[in-house]
Amino acid sequence: MKQILMLTLATCLTIVAGLAAAQTPSSTRYARQEVLIPMRDGVRLNTVIFTPKTAGEPLPLLLTRTPYGVSDRDAPDQQAYTRPLSDEGYIFVAQDIRGRYKSEGTFQMQRFSRNPADPKAIDESTDTYDTIEWLLKNAPNNNGKVGMYGGSYDGWTSVMGAIDPHPALKAISEQASPADMWLGDDFHHQGAFRLSYGFEYAFMEEAARTDTLFPFGVYDTYDWYLKLGALLNVNKTYFHGKLPTWNDFVSHPNYDEFWRKQGLASRIGKPKVAIQNVAGWWDQEDFYGPVTAYQLWEKGDDKRQNHLVVGPWNHGGWARGDGRKLGNISFDTTTAVDFRQRMFAPWFAHHLKGKGEGNFPEVTSFQTGRNQWKTYTQWPPAGTVKRKLYLRENGQLSFEKPTAGTGVDNYISDPAHPVPYRSRPIEQTYGPGSRWFTWLTEDQRFVQNRPDVLSWQTEPLSEDVAVTGTLLARLFAATTGSDADWVVKLIDVYPETYPREPKMAGYQFMVANDILRGRFYKSFEKPQPLQPDKVETFTVDLHSLDHVFLKGHRIMVQVQSSWFPLIDRNPQRYIPNIFAATEADFQKATHRIFRSATQPSHLELSIMPR
Ligand code: PG9
């Protein structure tokens with residue numbers, strides 16, 4: 001959870017600066033206790049317990065487990081995130097996971113599940129189990145029921161707790177848990193390596209026991225990453241083979257057993273507790289995760305215990321602020337307050353205290369554009385119609401299929417001049433002043449005139465177009481090289497005059513996006529070189545959306561082949577492992593996108609009829 005993380009980083013920097021970091025969180029409502037809880041193998045985990053001071057009826061326990069440090073955490077009534085829970089009344093417990101901050105043991109990034117045949121083996125599920133067992137016996141005035149919650153890594157630890165749960169665990173709210181670090185979450189997207197995030201996060205978590213920022217020494221990291229050159233320079237110059245997560249990136253460039261074992265698809269079975277999955281449409285880190293977790297659990301959800309909430313949030317946006325705006329985009333409603341008061345607090349009140357009917361909607365989604373909460377009986381919702389939106393001549397985009405036998409657009413992709421993924425300066429991800437948190441909502445006009453970014457757009461729409469459900473892009477494309485990246489962005493272009501908010505006139509708001517590393521176009525497990533100049537079909541999964549392109553707006557699609565330094569540069573010459581490529585392997589290439597009757601590049605959208 002970044003809100004917590006930023007606090008922790010601030011603390012960390014204070015310590016680095018040699019200043020006394022006197023952190024004594026206080027609250028008149030809670031008694032605070034910090035204990036070391038022993039696990040089955042003797043390792044002790046640092047745990048903070050906030051118990052309401054006013055004795056009353058026994059209370060459930062709410063547990064969160066994190067790699068980001070718990071000791072300087074504010075009391076639950078002092079945080080917007082937990083205040084509605086605090087008003088309801090719980091004993092709150094926060095724990096440092098193994099090897100982080102004041103906990104003993106060794107940290108492993110998203111630790112693999114244990115071998116069930118080994119009774120001595122441990123994993124995050126057994127650590128959760130042992131913690132709950134201890135709490136039930138030692139936390140005074142508990143009612144024997146436990147819930148877990150948390151965002152991102154802490155969402156993932158909640159998922160781990162629910163996989164093989166202690167019988168007292170009744171419900172979780174997993175928020176932005178990653179589901180698969182190779183297919184769609186923090187570290188890769190469909191095979192393309194998320195360089196800035198992977199590099200900075202591996203350092204932050206593994207250079208020390210506490211969060212530590214990489215010392216870039218520059219504010220704008222774009223040039224720093226460009227000068228870094230080939231990825232093999234990371235270990236050569238900076239990490240020296242000492243960071244396990246970076247070494248895993250280097251050793252597992254393809255979708256192999258390592259990523260499968262780490263991913264949730266190999267771990268999630270039938271829901272054994274009630275599960276609230278929470279996602280943000282503009283989550284810059286883990287949007288894929290919670291939607292995928294929901295779908296995986298859904299396969300065995302015969303007791304209707306599994307639910308999905310998706311709001312117009314960035315990573316953790318449901319936990320802070322009021323959620324009326326994200327970056328420049330307004331949502332008219334206090335979406336984050338709505339979540340915390342109407343979805344998060346009632347979830348635990350029902351499952352841990354028996355309050356309310358418990359008829360939570362299967363899916364609750366904030367439909368952007370029209371800006372209203374909707375409920376659905378499944379995700380993707382029923383009743384949509386698949387429609388193809390074609391890239392056409394003269395930069396046009398149309399629901400009409402091309403009829404001409406030819407039609408192509410091309411551009412030169414040069415790894416020496418990659419397209420920035422957001423407007424510069426590109427601050428260190430979690431560094432001071434970072435705009436990382438809202439980059440997905442940034443106006444895409446900042447790249448529109450680059451010759452290596454192609455755009456197609458519709459005429460102003462004569463009626464609303466509601467895109468609800470899954471979507472993908474199918475590009476018929478060729479390159480003069482032997483590998484290529486394909487970035488596809490779906491954009492809502494605001495009208496040229498926009499009296500409601502004049503500065504938003506013409507704004508290019510990216511509502512869906514993703515990348516496919518070309519070498520994986522046939523198989524994620526077995527990459528293969530592209531044959532120069534051969535037209536192939538590249539399918540780029542754009543995941544899910546619930547957005548209405550309003551009458552008068554245009555729909556735009558942009559295609560480009562670099563997104564730097566979010567994604568590492570594709571050498572465009574096929575090298576079996578890009579982490580082993582040298583500077584000499586990087587080459588310019590001409591990429592062609594076809595838009596003819598027989599090779600009609602298009603997006604496939606799920607449209608909700610009016
Ligand atoms: N996105 C972060 C993360 C989660 C799990 C593994 C690695 C990174 C986070 O915000 O916690």
# chains A, B, ... in the order shown; residues from 1 in each chain; ligands from 1
$ select_by_dssp --residues "segment 97-250 of chain A" --states "alpha helix (DSSP H)" --output "count of residues only"
55
$ residues_near_ligand --ligand "ligand 1" --cutoff "7 Å" --atoms "only C-alpha atoms and all ligand atoms" --output "MDAnalysis selection string"
chainID A and resid 1:2 109:110 151:154 156 177:178 186 201 285:286
$ residues_around --residues "Leu63 of chain A" --least-positions-apart "5" --cutoff "7 Å" --atoms "only C-alpha atoms" --output "NGL selection string"
:A and (92-94 or 147-149)
$ residues_around --residues "Gln190 of chain A" --least-positions-apart "6" --cutoff "7 Å" --atoms "only C-alpha atoms" --output "NGL selection string"
:A and (182-184 or 515-517)
$ closest_residue --among "A:Thr375, A:Gln108, A:Asn277, A:Ser173" --to "Leu243 of chain A" --atoms "only C-alpha atoms"
A:Gln108
$ closest_atom_pairs --of "segment 460-561 of chain A" --to "segment 421-432 of chain A" --cutoff "12 Å" --atoms "only C-alpha atoms" --output "Markdown table"
| residue | atom | partner | partner_atom | distance |
| --- | --- | --- | --- | --- |
| A:Val487 | CA | A:Tyr421 | CA | 10.4 |
| A:Lys489 | CA | A:Tyr421 | CA | 11.4 |
| A:Met510 | CA | A:Arg422 | CA | 11.7 |
| A:Asn513 | CA | A:Tyr421 | CA | 11.5 |
| A:Asp514 | CA | A:Tyr421 | CA | 11.6 |
| A:Ile515 | CA | A:Tyr421 | CA | 11.8 |
| A:Gln560 | CA | A:Tyr421 | CA | 10.3 |
| A:Ser561 | CA | A:Tyr421 | CA | 10.8 |
$ select_by_dssp --residues "segment 219-280 of chain A" --states "strand (DSSP E)" --output "list in words"
Ala274, Ile275, Gln276, Asn277, Val278, Ala279 and Gly280 of chain A
$ write_last_selection --atoms "N, CA and C atoms" --output "PDB file, in the first residue's frame"
ATOM      1  N   ALA A 274     -15.010 -15.638   2.825  1.00  0.00           N
ATOM      2  CA  ALA A 274     -15.623 -14.618   1.954  1.00  0.00           C
ATOM      3  C   ALA A 274     -14.533 -13.695   1.416  1.00  0.00           C
ATOM      4  N   ILE A 275     -14.609 -13.406   0.123  1.00  0.00           N
ATOM      5  CA  ILE A 275     -13.525 -12.659  -0.524  1.00  0.00           C
ATOM      6  C   ILE A 275     -14.061 -11.431  -1.252  1.00  0.00           C
ATOM      7  N   GLN A 276     -13.547 -10.290  -0.856  1.00  0.00           N
ATOM      8  CA  GLN A 276     -13.842  -9.048  -1.591  1.00  0.00           C
ATOM      9  C   GLN A 276     -12.564  -8.685  -2.355  1.00  0.00           C
ATOM     10  N   ASN A 277     -12.647  -8.697  -3.691  1.00  0.00           N
ATOM     11  CA  ASN A 277     -11.506  -8.309  -4.528  1.00  0.00           C
ATOM     12  C   ASN A 277     -11.731  -6.865  -4.952  1.00  0.00           C
ATOM     13  N   VAL A 278     -10.710  -6.034  -4.795  1.00  0.00           N
ATOM     14  CA  VAL A 278     -10.884  -4.609  -5.078  1.00  0.00           C
ATOM     15  C   VAL A 278      -9.827  -4.141  -6.084  1.00  0.00           C
ATOM     16  N   ALA A 279     -10.283  -3.488  -7.154  1.00  0.00           N
ATOM     17  CA  ALA A 279      -9.362  -3.044  -8.203  1.00  0.00           C
ATOM     18  C   ALA A 279      -9.615  -1.587  -8.554  1.00  0.00           C
ATOM     19  N   GLY A 280      -8.600  -0.939  -9.110  1.00  0.00           N
ATOM     20  CA  GLY A 280      -8.736   0.448  -9.583  1.00  0.00           C
ATOM     21  C   GLY A 280      -8.521   0.486 -11.085  1.00  0.00           C
TER      22      GLY A 280
END
$ atom_distance --atom1 "atom CA of Lys53 of chain A" --atom2 "atom CA of Gly161 of chain A"
27.8 Å
$ residues_around --residues "segment 562-574 of chain A" --least-positions-apart "3" --cutoff "8 Å" --atoms "only C-alpha atoms" --output "count of residues only"
33
$ decode --residues "segment 299-341 of chain A" --atoms "N, CA and C atoms" --output "PDB file, in the first residue's frame"
ATOM      1  N   LYS A 299     -14.411 -19.566 -10.377  1.00  0.00           N
ATOM      2  CA  LYS A 299     -14.600 -20.914 -10.936  1.00  0.00           C
ATOM      3  C   LYS A 299     -15.138 -21.900  -9.900  1.00  0.00           C
ATOM      4  N   GLY A 300     -14.785 -21.693  -8.621  1.00  0.00           N
ATOM      5  CA  GLY A 300     -15.247 -22.655  -7.608  1.00  0.00           C
ATOM      6  C   GLY A 300     -16.198 -22.023  -6.608  1.00  0.00           C
ATOM      7  N   ASP A 301     -16.792 -20.892  -6.973  1.00  0.00           N
ATOM      8  CA  ASP A 301     -17.562 -20.136  -5.978  1.00  0.00           C
ATOM      9  C   ASP A 301     -19.016 -20.593  -5.891  1.00  0.00           C
ATOM     10  N   ASP A 302     -19.231 -21.841  -5.431  1.00  0.00           N
ATOM     11  CA  ASP A 302     -20.611 -22.323  -5.400  1.00  0.00           C
ATOM     12  C   ASP A 302     -21.408 -21.725  -4.242  1.00  0.00           C
ATOM     13  N   LYS A 303     -20.724 -21.074  -3.277  1.00  0.00           N
ATOM     14  CA  LYS A 303     -21.477 -20.475  -2.154  1.00  0.00           C
ATOM     15  C   LYS A 303     -21.626 -18.959  -2.280  1.00  0.00           C
ATOM     16  N   ARG A 304     -21.278 -18.417  -3.435  1.00  0.00           N
ATOM     17  CA  ARG A 304     -21.357 -16.963  -3.679  1.00  0.00           C
ATOM     18  C   ARG A 304     -20.621 -16.158  -2.599  1.00  0.00           C
ATOM     19  N   GLN A 305     -19.373 -16.546  -2.401  1.00  0.00           N
ATOM     20  CA  GLN A 305     -18.561 -15.865  -1.385  1.00  0.00           C
ATOM     21  C   GLN A 305     -17.589 -14.877  -1.994  1.00  0.00           C
ATOM     22  N   ASN A 306     -17.543 -14.837  -3.334  1.00  0.00           N
ATOM     23  CA  ASN A 306     -16.493 -14.099  -4.017  1.00  0.00           C
ATOM     24  C   ASN A 306     -17.095 -12.894  -4.737  1.00  0.00           C
ATOM     25  N   HIS A 307     -16.533 -11.710  -4.496  1.00  0.00           N
ATOM     26  CA  HIS A 307     -17.113 -10.479  -5.054  1.00  0.00           C
ATOM     27  C   HIS A 307     -16.021  -9.584  -5.627  1.00  0.00           C
ATOM     28  N   LEU A 308     -16.455  -8.705  -6.528  1.00  0.00           N
ATOM     29  CA  LEU A 308     -15.503  -7.784  -7.161  1.00  0.00           C
ATOM     30  C   LEU A 308     -16.012  -6.349  -7.047  1.00  0.00           C
ATOM     31  N   VAL A 309     -15.096  -5.464  -6.665  1.00  0.00           N
ATOM     32  CA  VAL A 309     -15.392  -4.021  -6.679  1.00  0.00           C
ATOM     33  C   VAL A 309     -14.318  -3.357  -7.530  1.00  0.00           C
ATOM     34  N   VAL A 310     -14.717  -2.570  -8.518  1.00  0.00           N
ATOM     35  CA  VAL A 310     -13.730  -1.814  -9.310  1.00  0.00           C
ATOM     36  C   VAL A 310     -14.148  -0.351  -9.326  1.00  0.00           C
ATOM     37  N   GLY A 311     -13.214   0.507  -8.937  1.00  0.00           N
ATOM     38  CA  GLY A 311     -13.513   1.943  -8.906  1.00  0.00           C
ATOM     39  C   GLY A 311     -12.502   2.733  -9.721  1.00  0.00           C
ATOM     40  N   PRO A 312     -12.717   4.043  -9.847  1.00  0.00           N
ATOM     41  CA  PRO A 312     -11.850   4.876 -10.707  1.00  0.00           C
ATOM     42  C   PRO A 312     -10.604   5.330  -9.956  1.00  0.00           C
ATOM     43  N   TRP A 313      -9.830   4.382  -9.522  1.00  0.00           N
ATOM     44  CA  TRP A 313      -8.734   4.676  -8.598  1.00  0.00           C
ATOM     45  C   TRP A 313      -7.387   4.306  -9.186  1.00  0.00           C
ATOM     46  N   ASN A 314      -6.359   4.950  -8.639  1.00  0.00           N
ATOM     47  CA  ASN A 314      -5.015   4.463  -8.876  1.00  0.00           C
ATOM     48  C   ASN A 314      -4.698   3.430  -7.788  1.00  0.00           C
ATOM     49  N   HIS A 315      -3.441   3.040  -7.705  1.00  0.00           N
ATOM     50  CA  HIS A 315      -3.032   2.018  -6.743  1.00  0.00           C
ATOM     51  C   HIS A 315      -3.250   2.542  -5.313  1.00  0.00           C
ATOM     52  N   GLY A 316      -4.227   1.988  -4.622  1.00  0.00           N
ATOM     53  CA  GLY A 316      -4.513   2.440  -3.255  1.00  0.00           C
ATOM     54  C   GLY A 316      -5.477   3.614  -3.180  1.00  0.00           C
ATOM     55  N   GLY A 317      -6.018   4.032  -4.332  1.00  0.00           N
ATOM     56  CA  GLY A 317      -6.882   5.221  -4.369  1.00  0.00           C
ATOM     57  C   GLY A 317      -8.158   5.070  -3.558  1.00  0.00           C
ATOM     58  N   TRP A 318      -8.575   3.846  -3.287  1.00  0.00           N
ATOM     59  CA  TRP A 318      -9.771   3.606  -2.468  1.00  0.00           C
ATOM     60  C   TRP A 318      -9.488   3.891  -0.993  1.00  0.00           C
ATOM     61  N   ALA A 319      -8.188   3.935  -0.629  1.00  0.00           N
ATOM     62  CA  ALA A 319      -7.823   3.987   0.782  1.00  0.00           C
ATOM     63  C   ALA A 319      -7.572   5.401   1.281  1.00  0.00           C
ATOM     64  N   ARG A 320      -7.421   6.339   0.354  1.00  0.00           N
ATOM     65  CA  ARG A 320      -7.059   7.703   0.789  1.00  0.00           C
ATOM     66  C   ARG A 320      -7.904   8.725   0.015  1.00  0.00           C
ATOM     67  N   GLY A 321      -7.994   9.910   0.578  1.00  0.00           N
ATOM     68  CA  GLY A 321      -8.716  10.987  -0.095  1.00  0.00           C
ATOM     69  C   GLY A 321     -10.188  10.652  -0.254  1.00  0.00           C
ATOM     70  N   ASP A 322     -10.864  11.485  -1.089  1.00  0.00           N
ATOM     71  CA  ASP A 322     -12.296  11.213  -1.255  1.00  0.00           C
ATOM     72  C   ASP A 322     -12.615  10.543  -2.589  1.00  0.00           C
ATOM     73  N   GLY A 323     -11.647  10.475  -3.514  1.00  0.00           N
ATOM     74  CA  GLY A 323     -11.879   9.752  -4.771  1.00  0.00           C
ATOM     75  C   GLY A 323     -12.745  10.503  -5.764  1.00  0.00           C
ATOM     76  N   ARG A 324     -12.848  11.833  -5.601  1.00  0.00           N
ATOM     77  CA  ARG A 324     -13.599  12.625  -6.582  1.00  0.00           C
ATOM     78  C   ARG A 324     -12.816  12.834  -7.866  1.00  0.00           C
ATOM     79  N   LYS A 325     -11.480  12.832  -7.741  1.00  0.00           N
ATOM     80  CA  LYS A 325     -10.625  13.136  -8.897  1.00  0.00           C
ATOM     81  C   LYS A 325      -9.438  12.212  -8.909  1.00  0.00           C
ATOM     82  N   LEU A 326      -8.926  11.947 -10.102  1.00  0.00           N
ATOM     83  CA  LEU A 326      -7.633  11.274 -10.198  1.00  0.00           C
ATOM     84  C   LEU A 326      -6.840  12.036 -11.248  1.00  0.00           C
ATOM     85  N   GLY A 327      -5.717  12.615 -10.854  1.00  0.00           N
ATOM     86  CA  GLY A 327      -4.991  13.493 -11.772  1.00  0.00           C
ATOM     87  C   GLY A 327      -5.932  14.595 -12.224  1.00  0.00           C
ATOM     88  N   ASN A 328      -6.112  14.721 -13.549  1.00  0.00           N
ATOM     89  CA  ASN A 328      -6.985  15.779 -14.075  1.00  0.00           C
ATOM     90  C   ASN A 328      -8.421  15.317 -14.284  1.00  0.00           C
ATOM     91  N   ILE A 329      -8.705  14.072 -14.000  1.00  0.00           N
ATOM     92  CA  ILE A 329     -10.016  13.513 -14.360  1.00  0.00           C
ATOM     93  C   ILE A 329     -10.965  13.575 -13.167  1.00  0.00           C
ATOM     94  N   SER A 330     -12.158  14.097 -13.411  1.00  0.00           N
ATOM     95  CA  SER A 330     -13.157  14.221 -12.334  1.00  0.00           C
ATOM     96  C   SER A 330     -14.171  13.093 -12.427  1.00  0.00           C
ATOM     97  N   PHE A 331     -14.583  12.620 -11.287  1.00  0.00           N
ATOM     98  CA  PHE A 331     -15.590  11.550 -11.258  1.00  0.00           C
ATOM     99  C   PHE A 331     -16.897  11.971 -10.577  1.00  0.00           C
ATOM    100  N   ASP A 332     -16.989  13.223 -10.185  1.00  0.00           N
ATOM    101  CA  ASP A 332     -18.223  13.830  -9.663  1.00  0.00           C
ATOM    102  C   ASP A 332     -18.668  13.316  -8.300  1.00  0.00           C
ATOM    103  N   THR A 333     -18.170  12.184  -7.880  1.00  0.00           N
ATOM    104  CA  THR A 333     -18.687  11.512  -6.685  1.00  0.00           C
ATOM    105  C   THR A 333     -17.505  11.178  -5.777  1.00  0.00           C
ATOM    106  N   THR A 334     -17.746  11.086  -4.494  1.00  0.00           N
ATOM    107  CA  THR A 334     -16.663  10.728  -3.559  1.00  0.00           C
ATOM    108  C   THR A 334     -16.474   9.208  -3.568  1.00  0.00           C
ATOM    109  N   THR A 335     -15.863   8.717  -4.644  1.00  0.00           N
ATOM    110  CA  THR A 335     -15.829   7.265  -4.867  1.00  0.00           C
ATOM    111  C   THR A 335     -15.060   6.503  -3.782  1.00  0.00           C
ATOM    112  N   ALA A 336     -14.003   7.110  -3.245  1.00  0.00           N
ATOM    113  CA  ALA A 336     -13.214   6.399  -2.232  1.00  0.00           C
ATOM    114  C   ALA A 336     -13.962   6.355  -0.903  1.00  0.00           C
ATOM    115  N   VAL A 337     -14.646   7.456  -0.581  1.00  0.00           N
ATOM    116  CA  VAL A 337     -15.453   7.479   0.647  1.00  0.00           C
ATOM    117  C   VAL A 337     -16.585   6.455   0.499  1.00  0.00           C
ATOM    118  N   ASP A 338     -17.203   6.425  -0.695  1.00  0.00           N
ATOM    119  CA  ASP A 338     -18.272   5.440  -0.956  1.00  0.00           C
ATOM    120  C   ASP A 338     -17.758   4.031  -0.659  1.00  0.00           C
ATOM    121  N   PHE A 339     -16.564   3.745  -1.169  1.00  0.00           N
ATOM    122  CA  PHE A 339     -16.029   2.398  -0.963  1.00  0.00           C
ATOM    123  C   PHE A 339     -15.847   2.118   0.526  1.00  0.00           C
ATOM    124  N   ARG A 340     -15.165   3.024   1.201  1.00  0.00           N
ATOM    125  CA  ARG A 340     -14.816   2.736   2.595  1.00  0.00           C
ATOM    126  C   ARG A 340     -16.063   2.612   3.474  1.00  0.00           C
ATOM    127  N   GLN A 341     -17.057   3.473   3.198  1.00  0.00           N
ATOM    128  CA  GLN A 341     -18.236   3.465   4.080  1.00  0.00           C
ATOM    129  C   GLN A 341     -19.301   2.462   3.654  1.00  0.00           C
TER     130      GLN A 341
END
